[in-house]
$ cat run_24.tsv   # TSV, C-alpha atoms
chain	number	residue	atom	x	y	z
A	16	MET	CA	23.11	-39.68	46.89
A	17	SER	CA	26.37	-39.11	48.72
A	18	GLU	CA	27.83	-41.74	51.00
A	19	LEU	CA	27.54	-41.44	54.75
A	20	ASP	CA	30.42	-39.39	56.12
A	21	GLU	CA	32.34	-39.91	59.31
A	22	ASN	CA	29.91	-37.91	61.41
A	23	ASP	CA	27.00	-40.00	60.10
A	24	ASP	CA	28.82	-43.16	61.08
A	25	LYS	CA	29.44	-41.77	64.55
A	26	LEU	CA	25.75	-40.97	64.92
A	27	VAL	CA	24.79	-44.49	63.82
A	28	ALA	CA	27.25	-45.94	66.33
A	29	LYS	CA	25.70	-43.80	69.02
A	30	LEU	CA	22.24	-45.02	68.10
A	31	ARG	CA	23.39	-48.62	68.21
A	32	ALA	CA	24.74	-48.06	71.71
A	33	LEU	CA	21.38	-46.88	72.99
A	34	PRO	CA	19.84	-49.11	75.67
A	35	SER	CA	16.68	-50.92	74.58
A	36	GLU	CA	13.37	-49.29	75.42
A	37	GLY	CA	11.53	-50.47	78.50
A	38	THR	CA	12.59	-53.10	80.97
A	39	GLU	CA	13.39	-56.41	79.36
A	40	PRO	CA	11.54	-59.41	80.78
A	41	ASP	CA	13.09	-62.56	82.22
A	42	TRP	CA	13.89	-64.40	79.00
A	43	ASN	CA	13.78	-67.87	80.55
A	44	GLN	CA	10.38	-67.17	82.00
A	45	LEU	CA	9.10	-65.83	78.69
A	46	ALA	CA	10.48	-68.86	76.84
A	47	GLN	CA	8.72	-71.19	79.27
A	48	ARG	CA	5.50	-69.25	78.91
A	49	ILE	CA	5.71	-69.53	75.12
A	50	HIS	CA	6.54	-73.24	75.37
A	51	ALA	CA	3.48	-73.82	77.55
A	52	SER	CA	1.19	-72.08	75.09
A	53	LEU	CA	2.26	-74.21	72.13
A	54	PRO	CA	0.86	-77.60	71.10
A	55	SER	CA	2.81	-80.65	72.25
A	56	GLU	CA	3.22	-82.01	68.73
A	57	VAL	CA	4.15	-80.55	65.39
A	58	HIS	CA	1.14	-80.28	63.15
A	59	ARG	CA	2.18	-81.60	59.78
A	60	PRO	CA	-0.08	-81.42	56.73
A	61	TRP	CA	-0.93	-84.83	55.20
A	62	TRP	CA	0.81	-84.04	51.93
A	63	ARG	CA	4.13	-83.52	53.69
A	64	THR	CA	3.97	-87.13	54.89
A	65	LEU	CA	3.67	-88.24	51.29
A	66	LEU	CA	6.80	-86.29	50.36
A	67	GLN	CA	8.96	-88.59	52.48
A	68	PRO	CA	11.42	-90.70	50.45
A	69	ARG	CA	9.77	-94.01	51.35
A	70	TRP	CA	6.51	-92.89	49.75
A	71	LEU	CA	7.98	-91.17	46.71
A	72	ALA	CA	8.78	-94.34	44.73
A	73	PRO	CA	5.28	-95.91	44.99
A	74	ILE	CA	3.60	-92.58	44.26
A	75	LEU	CA	5.77	-91.95	41.21
A	76	ALA	CA	5.20	-95.51	39.96
A	77	GLY	CA	1.45	-95.10	40.38
A	78	ALA	CA	1.47	-91.75	38.59
A	79	VAL	CA	3.46	-93.17	35.67
A	80	GLY	CA	1.14	-96.17	35.42
A	81	LEU	CA	-1.93	-93.97	35.48
A	82	GLY	CA	-0.45	-91.70	32.82
A	83	ALA	CA	0.32	-94.70	30.60
A	84	LEU	CA	-3.25	-95.96	30.99
A	85	VAL	CA	-4.64	-92.57	30.03
A	86	VAL	CA	-2.42	-92.42	26.93
A	87	ILE	CA	-3.40	-95.93	25.83
A	88	GLU	CA	-7.08	-95.22	26.39
A	89	THR	CA	-6.87	-91.94	24.45
A	90	ARG	CA	-5.16	-93.61	21.50
A	91	SER	CA	-7.66	-96.48	21.33
A	92	THR	CA	-10.55	-94.00	21.31
A	93	GLU	CA	-8.94	-92.02	18.49
A	94	LYS	CA	-8.61	-95.20	16.40
A	95	SER	CA	-12.16	-96.43	16.99
A	96	VAL	CA	-13.86	-93.21	15.88
A	97	PRO	CA	-12.95	-93.40	12.12
A	98	HIS	CA	-14.02	-97.08	12.05
A	99	GLU	CA	-17.49	-96.21	13.33
A	100	VAL	CA	-17.79	-93.35	10.86
A	101	ALA	CA	-16.86	-95.70	8.02
A	102	MET	CA	-19.50	-98.19	9.14
A	103	LEU	CA	-22.15	-95.51	9.21
A	104	HIS	CA	-21.11	-94.33	5.79
A	105	ASP	CA	-21.37	-97.85	4.35
A	106	ALA	CA	-24.80	-98.35	5.84
A	107	SER	CA	-26.11	-95.14	4.28
A	108	VAL	CA	-24.76	-96.18	0.87
A	109	GLU	CA	-26.43	-99.55	1.17
A	110	ASP	CA	-29.74	-97.98	2.09
A	111	SER	CA	-29.69	-95.63	-0.87
A	112	ALA	CA	-28.77	-98.47	-3.24
A	113	HIS	CA	-31.60	-100.54	-1.87
A	114	THR	CA	-34.07	-97.73	-2.46
A	115	ASP	CA	-32.93	-97.35	-6.06
A	116	GLU	CA	-33.59	-101.00	-6.79
A	117	THR	CA	-36.94	-101.40	-5.18
A	118	ASP	CA	-38.58	-98.06	-5.48
A	119	ASP	CA	-38.09	-96.30	-8.79
A	120	VAL	CA	-40.79	-93.80	-8.01
A	121	ALA	CA	-39.04	-92.53	-4.92
A	122	LEU	CA	-35.91	-91.34	-6.69
A	123	ASP	CA	-36.61	-87.72	-5.80
A	124	THR	CA	-37.18	-88.48	-2.13
A	125	PRO	CA	-34.77	-86.49	0.08
A	126	THR	CA	-32.17	-88.67	1.77
A	127	SER	CA	-31.70	-86.49	4.83
A	128	ALA	CA	-33.21	-87.54	8.11
A	129	ASP	CA	-35.56	-84.56	8.23
A	130	MET	CA	-38.05	-83.83	5.48
A	131	LEU	CA	-40.10	-80.72	4.98
A	132	LEU	CA	-43.78	-81.04	4.19
A	133	TRP	CA	-46.49	-78.46	3.65
A	134	LEU	CA	-49.50	-79.32	5.74
A	135	ASP	CA	-52.45	-76.92	5.86
A	136	GLY	CA	-50.28	-74.15	4.46
A	137	ALA	CA	-47.61	-74.54	7.09
A	138	GLU	CA	-44.12	-75.95	6.74
A	139	VAL	CA	-43.66	-78.98	8.97
A	140	ALA	CA	-40.43	-80.85	9.53
A	141	ILE	CA	-40.82	-84.59	9.84
A	142	ASP	CA	-37.90	-86.75	10.81
A	143	SER	CA	-37.19	-90.27	9.73
A	144	ALA	CA	-38.77	-91.66	12.87
A	145	ALA	CA	-42.17	-90.58	11.57
A	146	GLU	CA	-41.77	-92.24	8.17
A	147	ASP	CA	-43.38	-95.48	9.26
A	148	VAL	CA	-46.40	-93.69	10.65
A	149	LEU	CA	-47.02	-91.27	7.82
A	150	ASP	CA	-45.79	-93.42	4.91
A	151	VAL	CA	-43.92	-90.47	3.48
A	152	ASP	CA	-43.22	-92.26	0.22
A	153	ASP	CA	-46.88	-92.22	-0.61
A	154	LEU	CA	-47.03	-88.50	-0.13
A	155	LEU	CA	-44.03	-87.92	-2.39
A	156	LEU	CA	-44.89	-90.18	-5.30
A	157	GLY	CA	-45.38	-87.33	-7.72
A	158	GLN	CA	-47.76	-87.87	-10.59
A	159	SER	CA	-48.47	-91.52	-9.74
A	160	THR	CA	-49.32	-90.50	-6.22
A	161	GLU	CA	-51.71	-87.94	-7.45
A	162	ARG	CA	-53.48	-90.61	-9.39
A	163	ALA	CA	-53.46	-92.92	-6.43
A	164	GLU	CA	-54.81	-90.25	-4.21
A	165	GLY	CA	-57.82	-90.15	-6.49
A	166	LEU	CA	-58.64	-93.68	-5.39
A	167	MET	CA	-58.95	-92.78	-1.74
A	168	THR	CA	-62.71	-92.24	-1.75
A	169	THR	CA	-65.68	-94.16	-0.49
A	170	ASP	CA	-67.44	-94.14	-3.87
A	171	ASP	CA	-66.27	-97.14	-5.95
A	172	SER	CA	-67.78	-95.88	-9.21
A	173	TRP	CA	-64.45	-94.27	-10.07
A	174	VAL	CA	-63.21	-97.71	-11.19
A	175	ASP	CA	-65.44	-97.55	-14.24
A	176	GLY	CA	-63.87	-94.28	-15.30
A	177	LEU	CA	-60.28	-95.59	-15.42
A	178	ASP	CA	-58.56	-96.02	-18.76
A	179	ASP	CA	-55.86	-98.61	-19.52
A	180	ALA	CA	-53.03	-96.35	-18.53
A	181	ASP	CA	-54.62	-95.62	-15.15
A	182	VAL	CA	-55.26	-99.29	-14.50
A	183	ALA	CA	-51.63	-100.13	-15.37
A	184	ALA	CA	-50.37	-97.41	-13.06
A	185	LEU	CA	-52.63	-98.61	-10.27
A	186	ASP	CA	-51.49	-102.21	-10.75
A	187	GLN	CA	-47.88	-101.08	-10.57
A	188	TRP	CA	-48.47	-99.08	-7.38
A	189	LEU	CA	-50.26	-101.96	-5.70
A	190	ASP	CA	-47.39	-104.31	-6.61
A	191	GLN	CA	-44.94	-101.91	-5.09
A	192	GLN	CA	-46.97	-101.62	-1.89
A	193	THR	CA	-47.29	-105.36	-1.59
A	194	ALA	CA	-43.55	-105.84	-2.12
A	195	LYS	CA	-42.78	-103.20	0.45
A	196	LYS	CA	-45.06	-104.73	3.05
A	197	LYS	CA	-43.50	-108.13	2.53
A	198	LYS	CA	-40.06	-106.71	3.03
A	199	GLY	CA	-41.13	-104.52	5.92
B	21	MET	CA	46.71	-57.53	34.75
B	22	HIS	CA	47.12	-59.10	38.16
B	23	ALA	CA	45.38	-56.12	39.72
B	24	LEU	CA	42.32	-56.63	37.49
B	25	ALA	CA	42.19	-60.32	38.31
B	26	ASN	CA	42.46	-59.59	42.02
B	27	THR	CA	39.66	-57.02	41.81
B	28	ALA	CA	37.39	-59.50	40.07
B	29	LEU	CA	38.24	-62.10	42.68
B	30	LEU	CA	37.44	-59.70	45.48
B	31	GLU	CA	34.13	-58.78	43.89
B	32	ARG	CA	33.22	-62.45	43.66
B	33	LEU	CA	34.16	-62.99	47.30
B	34	VAL	CA	32.01	-60.04	48.34
B	35	SER	CA	29.04	-61.28	46.33
B	36	VAL	CA	29.37	-64.74	47.87
B	37	SER	CA	29.67	-63.36	51.38
B	38	ASP	CA	26.55	-61.21	50.85
B	39	GLU	CA	24.42	-64.32	50.26
B	40	LYS	CA	24.64	-65.73	53.75
B	41	VAL	CA	23.06	-69.05	54.53
B	42	ASP	CA	20.17	-68.79	56.96
B	43	PRO	CA	21.58	-70.03	60.29
B	44	ASP	CA	18.10	-71.23	61.26
B	45	ALA	CA	17.57	-73.37	58.17
B	46	ASP	CA	18.67	-76.59	59.85
B	47	VAL	CA	16.46	-75.89	62.88
B	48	VAL	CA	13.47	-75.40	60.60
B	49	ALA	CA	14.27	-78.65	58.78
B	50	ARG	CA	14.38	-80.50	62.10
B	51	PHE	CA	11.08	-78.95	63.14
B	52	CYS	CA	9.46	-79.89	59.83
B	53	ALA	CA	10.71	-83.44	60.34
B	54	GLY	CA	8.64	-83.55	63.53
B	55	GLU	CA	11.17	-82.50	66.18
B	56	ARG	CA	9.11	-80.35	68.51
B	57	GLY	CA	12.11	-79.27	70.59
B	58	ALA	CA	13.69	-77.48	67.61
B	59	PHE	CA	11.11	-74.75	67.97
B	60	ASP	CA	12.25	-74.02	71.53
B	61	LEU	CA	15.67	-73.28	70.11
B	62	LEU	CA	14.13	-70.78	67.68
B	63	VAL	CA	12.28	-69.13	70.55
B	64	ARG	CA	15.47	-68.74	72.57
B	65	ARG	CA	17.33	-67.33	69.58
B	66	HIS	CA	14.76	-64.76	68.54
B	67	GLN	CA	12.52	-63.89	71.48
B	68	GLN	CA	14.67	-60.92	72.45
B	69	GLY	CA	14.60	-59.37	68.98
B	70	VAL	CA	10.87	-60.04	68.63
B	71	TRP	CA	10.16	-58.50	72.02
B	72	ARG	CA	12.19	-55.36	71.26
B	73	LEU	CA	10.48	-54.91	67.92
B	74	ALA	CA	7.04	-55.40	69.49
B	75	ARG	CA	7.96	-53.03	72.32
B	76	ARG	CA	8.58	-50.20	69.85
B	77	TYR	CA	4.99	-50.54	68.64
B	78	THR	CA	3.12	-51.33	71.86
B	79	LYS	CA	5.11	-49.00	74.17
B	80	HIS	CA	4.40	-51.35	77.06
B	81	ASP	CA	6.66	-54.13	78.36
B	82	ALA	CA	3.87	-56.55	79.26
B	83	ASP	CA	2.04	-55.98	76.00
B	84	ALA	CA	5.25	-56.60	74.10
B	85	ALA	CA	5.57	-59.92	75.93
B	86	ASP	CA	1.99	-60.81	74.96
B	87	VAL	CA	2.67	-59.95	71.33
B	88	THR	CA	5.89	-61.99	71.47
B	89	GLN	CA	3.97	-65.01	72.71
B	90	LEU	CA	1.36	-64.53	70.00
B	91	VAL	CA	4.06	-64.26	67.34
B	92	PHE	CA	5.63	-67.56	68.31
B	93	VAL	CA	2.27	-69.32	68.46
B	94	LYS	CA	1.55	-68.11	64.93
B	95	ALA	CA	5.03	-69.09	63.80
B	96	PHE	CA	4.63	-72.57	65.29
B	97	ASN	CA	1.49	-73.16	63.26
B	98	ALA	CA	2.92	-71.73	60.05
B	99	LEU	CA	6.52	-72.90	60.13
B	100	VAL	CA	5.84	-76.16	58.26
B	101	GLY	CA	4.72	-74.00	55.32
B	102	PHE	CA	7.82	-71.80	55.49
B	103	ARG	CA	9.48	-71.93	52.07
B	104	GLY	CA	12.75	-70.27	52.92
B	105	ALA	CA	12.38	-67.33	50.54
B	106	ALA	CA	13.48	-65.04	53.39
B	107	THR	CA	15.48	-65.76	56.51
B	108	VAL	CA	13.62	-67.13	59.49
B	109	ARG	CA	14.49	-63.98	61.41
B	110	SER	CA	12.98	-61.60	58.87
B	111	TRP	CA	9.98	-63.94	58.54
B	112	LEU	CA	9.49	-63.78	62.33
B	113	TYR	CA	9.90	-60.01	62.29
B	114	ARG	CA	7.28	-59.72	59.56
B	115	ILE	CA	4.86	-61.67	61.74
B	116	THR	CA	5.83	-59.44	64.67
B	117	ILE	CA	5.16	-56.20	62.80
B	118	ASN	CA	1.78	-57.47	61.61
B	119	ALA	CA	0.84	-58.77	65.06
B	120	ALA	CA	1.99	-55.56	66.76
B	121	LEU	CA	0.09	-53.35	64.33
B	122	THR	CA	-3.04	-55.46	64.84
B	123	TRP	CA	-2.53	-55.26	68.59
B	124	VAL	CA	-2.14	-51.46	68.48
B	125	ARG	CA	-5.26	-51.13	66.31
B	126	ASP	CA	-7.30	-53.38	68.62
B	127	HIS	CA	-6.13	-51.53	71.76
B	128	LYS	CA	-6.18	-48.01	70.35
B	129	ARG	CA	-8.90	-46.84	72.71
B	130	GLU	CA	-7.17	-48.28	75.78
B	131	LEU	CA	-3.86	-46.76	74.74
B	132	ALA	CA	-5.43	-43.35	74.22
B	133	SER	CA	-6.79	-43.34	77.77
B	134	GLU	CA	-3.49	-44.42	79.31
B	135	ILE	CA	-0.24	-42.60	79.75
B	136	PRO	CA	2.46	-44.50	77.86
B	137	GLU	CA	5.42	-45.69	79.89
B	138	ASP	CA	7.77	-43.64	77.73
B	139	ALA	CA	5.43	-40.72	77.18
B	140	LEU	CA	8.16	-38.26	78.03
B	141	VAL	CA	10.18	-39.48	75.13
B	142	GLU	CA	7.40	-39.04	72.61
B	143	ALA	CA	6.92	-36.10	70.32
B	144	ALA	CA	5.27	-33.67	72.74
B	145	ALA	CA	8.13	-33.88	75.20
B	146	ALA	CA	10.80	-34.06	72.57
B	147	GLU	CA	11.95	-30.48	72.84
B	148	THR	CA	12.03	-30.64	76.61
B	149	ALA	CA	14.12	-33.77	76.47
B	150	ILE	CA	16.50	-32.23	73.99
B	151	ALA	CA	16.82	-29.10	76.06
B	152	ALA	CA	17.46	-31.14	79.19
B	153	GLY	CA	20.31	-32.81	77.42
B	154	GLN	CA	19.18	-36.34	78.14
B	155	GLU	CA	21.25	-38.19	75.65
B	156	ALA	CA	19.11	-41.25	75.05
B	157	GLY	CA	15.85	-39.33	75.26
B	158	ARG	CA	17.14	-36.71	72.88
B	159	LEU	CA	18.08	-39.33	70.27
B	160	ARG	CA	14.82	-41.23	70.64
B	161	ALA	CA	12.82	-38.04	70.38
B	162	ALA	CA	14.59	-37.20	67.15
B	163	ILE	CA	13.90	-40.67	65.77
B	164	ALA	CA	10.22	-40.29	66.65
B	165	GLN	CA	10.05	-37.23	64.40
B	166	LEU	CA	11.28	-39.07	61.30
B	167	PRO	CA	8.84	-39.92	58.50
B	168	PRO	CA	7.36	-43.44	59.10
B	169	LYS	CA	9.27	-45.19	56.33
B	170	GLN	CA	12.61	-43.68	57.28
B	171	LYS	CA	11.93	-44.44	60.95
B	172	LEU	CA	11.11	-48.07	60.20
B	173	VAL	CA	14.18	-48.56	58.02
B	174	LEU	CA	16.50	-46.86	60.52
B	175	GLU	CA	15.18	-48.84	63.48
B	176	LEU	CA	15.33	-52.18	61.68
B	177	ARG	CA	18.85	-51.45	60.50
B	178	VAL	CA	20.26	-49.94	63.68
B	179	PHE	CA	18.33	-51.52	66.56
B	180	ASP	CA	17.53	-54.92	65.03
B	181	ASP	CA	20.82	-55.15	63.14
B	182	LEU	CA	19.19	-56.45	59.97
B	183	ALA	CA	20.84	-56.54	56.56
B	184	PHE	CA	19.46	-54.11	53.99
B	185	LYS	CA	17.95	-57.03	52.11
B	186	GLU	CA	15.95	-58.04	55.18
B	187	VAL	CA	15.05	-54.42	55.91
B	188	ALA	CA	13.74	-54.10	52.36
B	189	GLU	CA	11.58	-57.21	52.77
B	190	LEU	CA	10.05	-55.90	55.95
B	191	ALA	CA	9.57	-52.37	54.66
B	192	ASP	CA	8.01	-53.62	51.40
B	193	CYS	CA	10.52	-51.87	49.17
B	194	SER	CA	13.62	-52.60	47.15
B	195	GLU	CA	17.03	-52.92	48.73
B	196	ASN	CA	18.18	-49.67	47.09
B	197	THR	CA	15.11	-47.82	48.37
B	198	ALA	CA	15.86	-49.09	51.86
B	199	LYS	CA	19.43	-47.81	51.58
B	200	VAL	CA	18.24	-44.41	50.35
B	201	ASN	CA	15.70	-44.18	53.17
B	202	PHE	CA	18.37	-45.07	55.70
B	203	HIS	CA	20.67	-42.43	54.26
B	204	TYR	CA	18.01	-39.72	54.41
B	205	ALA	CA	17.00	-40.82	57.90
B	206	VAL	CA	20.55	-40.32	59.20
B	207	LYS	CA	20.85	-36.94	57.48
B	208	ARG	CA	17.48	-35.87	58.86
B	209	LEU	CA	18.48	-36.98	62.37
B	210	ARG	CA	21.57	-34.82	62.21
B	211	GLU	CA	19.41	-31.88	61.19
B	212	LEU	CA	17.01	-32.52	64.06
B	213	LEU	CA	19.86	-32.81	66.53
B	214	GLY	CA	21.30	-29.53	65.31
B	215	ASP	CA	24.14	-31.25	63.46
B	216	ARG	CA	26.04	-31.48	66.73
B	217	GLU	CA	26.43	-35.24	66.81
B	218	GLY	CA	29.61	-35.43	64.81
B	219	SER	CA	31.33	-32.70	66.76
B	220	ASP	CA	29.98	-34.01	70.08
B	221	VAL	CA	31.33	-37.44	69.46

$ encode --input "run_24.tsv" --output "structure tokens"
Amino acid sequence: MSELDENDDKLVAKLRALPSEGTEPDWNQLAQRIHASLPSEVHRPWWRTLLQPRWLAPILAGAVGLGALVVIETRSTEKSVPHEVAMLHDASVEDSAHTDETDDVALDTPTSADMLLWLDGAEVAIDSAAEDVLDVDDLLLGQSTERAEGLMTTDDSWVDGLDDADVAALDQWLDQQTAKKKKG
Amino acid sequence: MHALANTALLERLVSVSDEKVDPDADVVARFCAGERGAFDLLVRRHQQGVWRLARRYTKHDADAADVTQLVFVKAFNALVGFRGAATVRSWLYRITINAALTWVRDHKRELASEIPEDALVEAAAAETAIAAGQEAGRLRAAIAQLPPKQKLVLELRVFDDLAFKEVAELADCSENTAKVNFHYAVKRLRELLGDREGSDV
């Protein structure tokens, strides 16, 4: 692009010298008309009031204080979480130890909260909340349970058919149940 | 060595002088501080430029006055949010262009049914005006034939006496593009005027 030459400059000067289009209004009258159409007060947004120097110090102090509170609260929460986890862990260890001592038969019992059972050919999940109702231990006793289940009939003649080993197993099971009920 | 140092010094002076401080900045600050009267000062400073700019779009004196009033009402409500990225003048002119374009769009039907006050100057009568040798009419007719962008840039630069930076802001282009458009507008005008301007003057 070449620069404007002398003739270009002369043309621009000529354009600048042109009178404005139309007839210009009375500027004082127009200014008064504009003044009359404007509100009497300056509308200032509320946040601009807060930006004044007299408000800055309290606002900054408040913001710093709030920030400090948030930091302190966040740190205390972070510290308390591992403590609670440790407590839960200890409680689960205690429970499992207790089970080992008192209930030798239930060694194979799953320790998770949910247990899977087969009922009527279907897999059913039972959580720990249902243990008290269903007495899950009885259902998972293994061989001893199978023997005990044989007792659950209305005909008492089965007693005569028991040998010494069966009687001993039954005695042991009853002792366990009694001990459990006392503790429960 | 001294010549190089002087050149560098001159370049620095030029760059500093290019970044002029907005002369209306203090008035805006006073207005934002709640001084209602500061806005009257802005009106008196810029109403003429706003009116002329609006007049080029509306083609009617009274309509230009209405648009001018509307521009200052809008500016009054928005000035507290003015961030100072542009000068107050170019900010006002931006509002003016938008308001004038809206006004022209809203009154298109009325304008079509009326005869504009300067109808003789417009494109249809351009050749007649040129032939008649009416100096002002001939120049305005030539300007009316420029492409829109070149016309806008030329008018803002020549009639409104804006810096290229301000012209660029209003024309939504870079400063260099504004300069190029201005250059081509002048060259095109000389072609339209039969390249007689230089010799005439």

$ atom_distance --input "run_24.tsv" --atom1 "CA of Ala85 in chain B" --atom2 "CA of Arg65 in chain B"
15.3 Å

$ closest_atom_pairs --input "run_24.tsv" --of "chain A" --to "chain B" --cutoff "10 Å" --atoms "all atoms listed in the file" --output "JSON lines"
{"residue": "A:Met16", "atom": "CA", "partner": "B:Val200", "partner_atom": "CA", "distance": 7.6}
{"residue": "A:Ser17", "atom": "CA", "partner": "B:His203", "partner_atom": "CA", "distance": 8.6}
{"residue": "A:Glu18", "atom": "CA", "partner": "B:His203", "partner_atom": "CA", "distance": 7.9}
{"residue": "A:Leu19", "atom": "CA", "partner": "B:His203", "partner_atom": "CA", "distance": 7.0}
{"residue": "A:Asp20", "atom": "CA", "partner": "B:Gly218", "partner_atom": "CA", "distance": 9.6}
{"residue": "A:Glu21", "atom": "CA", "partner": "B:Gly218", "partner_atom": "CA", "distance": 7.6}
{"residue": "A:Asn22", "atom": "CA", "partner": "B:Gly218", "partner_atom": "CA", "distance": 4.2}
{"residue": "A:Asp23", "atom": "CA", "partner": "B:Val206", "partner_atom": "CA", "distance": 6.5}
{"residue": "A:Asp24", "atom": "CA", "partner": "B:Gly218", "partner_atom": "CA", "distance": 8.6}
{"residue": "A:Lys25", "atom": "CA", "partner": "B:Gly218", "partner_atom": "CA", "distance": 6.3}
{"residue": "A:Leu26", "atom": "CA", "partner": "B:Glu217", "partner_atom": "CA", "distance": 6.1}
{"residue": "A:Val27", "atom": "CA", "partner": "B:Val178", "partner_atom": "CA", "distance": 7.1}
{"residue": "A:Ala28", "atom": "CA", "partner": "B:Val178", "partner_atom": "CA", "distance": 8.5}
{"residue": "A:Lys29", "atom": "CA", "partner": "B:Val221", "partner_atom": "CA", "distance": 8.5}
{"residue": "A:Leu30", "atom": "CA", "partner": "B:Val178", "partner_atom": "CA", "distance": 6.9}
{"residue": "A:Arg31", "atom": "CA", "partner": "B:Val178", "partner_atom": "CA", "distance": 5.7}
{"residue": "A:Ala32", "atom": "CA", "partner": "B:Phe179", "partner_atom": "CA", "distance": 8.9}
{"residue": "A:Leu33", "atom": "CA", "partner": "B:Ala156", "partner_atom": "CA", "distance": 6.4}
{"residue": "A:Pro34", "atom": "CA", "partner": "B:Ala156", "partner_atom": "CA", "distance": 7.9}
{"residue": "A:Ser35", "atom": "CA", "partner": "B:Arg72", "partner_atom": "CA", "distance": 7.1}
{"residue": "A:Glu36", "atom": "CA", "partner": "B:Arg75", "partner_atom": "CA", "distance": 7.3}
{"residue": "A:Gly37", "atom": "CA", "partner": "B:Asp81", "partner_atom": "CA", "distance": 6.1}
{"residue": "A:Thr38", "atom": "CA", "partner": "B:Asp81", "partner_atom": "CA", "distance": 6.6}
{"residue": "A:Glu39", "atom": "CA", "partner": "B:Asp81", "partner_atom": "CA", "distance": 7.2}
{"residue": "A:Pro40", "atom": "CA", "partner": "B:Asp81", "partner_atom": "CA", "distance": 7.6}
{"residue": "A:Trp42", "atom": "CA", "partner": "B:Gln68", "partner_atom": "CA", "distance": 7.5}
{"residue": "A:Asn43", "atom": "CA", "partner": "B:Arg64", "partner_atom": "CA", "distance": 8.2}
{"residue": "A:Leu45", "atom": "CA", "partner": "B:Ala85", "partner_atom": "CA", "distance": 7.4}
{"residue": "A:Ala46", "atom": "CA", "partner": "B:Val63", "partner_atom": "CA", "distance": 6.5}
{"residue": "A:Gln47", "atom": "CA", "partner": "B:Asp60", "partner_atom": "CA", "distance": 9.0}
{"residue": "A:Arg48", "atom": "CA", "partner": "B:Gln89", "partner_atom": "CA", "distance": 7.7}
{"residue": "A:Ile49", "atom": "CA", "partner": "B:Gln89", "partner_atom": "CA", "distance": 5.4}
{"residue": "A:His50", "atom": "CA", "partner": "B:Asp60", "partner_atom": "CA", "distance": 6.9}
{"residue": "A:Ser52", "atom": "CA", "partner": "B:Val93", "partner_atom": "CA", "distance": 7.3}
{"residue": "A:Leu53", "atom": "CA", "partner": "B:Val93", "partner_atom": "CA", "distance": 6.1}
{"residue": "A:Pro54", "atom": "CA", "partner": "B:Phe96", "partner_atom": "CA", "distance": 8.6}
{"residue": "A:Ser55", "atom": "CA", "partner": "B:Arg56", "partner_atom": "CA", "distance": 7.3}
{"residue": "A:Glu56", "atom": "CA", "partner": "B:Arg56", "partner_atom": "CA", "distance": 6.1}
{"residue": "A:Val57", "atom": "CA", "partner": "B:Gly54", "partner_atom": "CA", "distance": 5.7}
{"residue": "A:His58", "atom": "CA", "partner": "B:Asn97", "partner_atom": "CA", "distance": 7.1}
{"residue": "A:Arg59", "atom": "CA", "partner": "B:Val100", "partner_atom": "CA", "distance": 6.7}
{"residue": "A:Pro60", "atom": "CA", "partner": "B:Val100", "partner_atom": "CA", "distance": 8.1}
{"residue": "A:Arg63", "atom": "CA", "partner": "B:Val100", "partner_atom": "CA", "distance": 8.8}
{"residue": "A:Thr64", "atom": "CA", "partner": "B:Ala53", "partner_atom": "CA", "distance": 9.4}
{"residue": "A:Gln67", "atom": "CA", "partner": "B:Ala53", "partner_atom": "CA", "distance": 9.6}

$ residues_around --input "run_24.tsv" --residues "Ile117 in chain B" --least-positions-apart "3" --cutoff "8 Å" --atoms "only C-alpha atoms" --output "compact mmCIF listing (two decimals) with C-alpha atoms, keeping the file's coordinate frame"
# COMPACT_ATOMS: atom_id res chain seq x y z
CA LEU B 73 10.48 -54.91 67.92
CA ALA B 74 7.04 -55.40 69.49
CA TYR B 113 9.90 -60.01 62.29
CA ARG B 114 7.28 -59.72 59.56
CA ALA B 120 1.99 -55.56 66.76
CA LEU B 121 0.09 -53.35 64.33

$ atom_distance --input "run_24.tsv" --atom1 "CA of Ala191 in chain B" --atom2 "CA of Arg158 in chain B"
25.2 Å
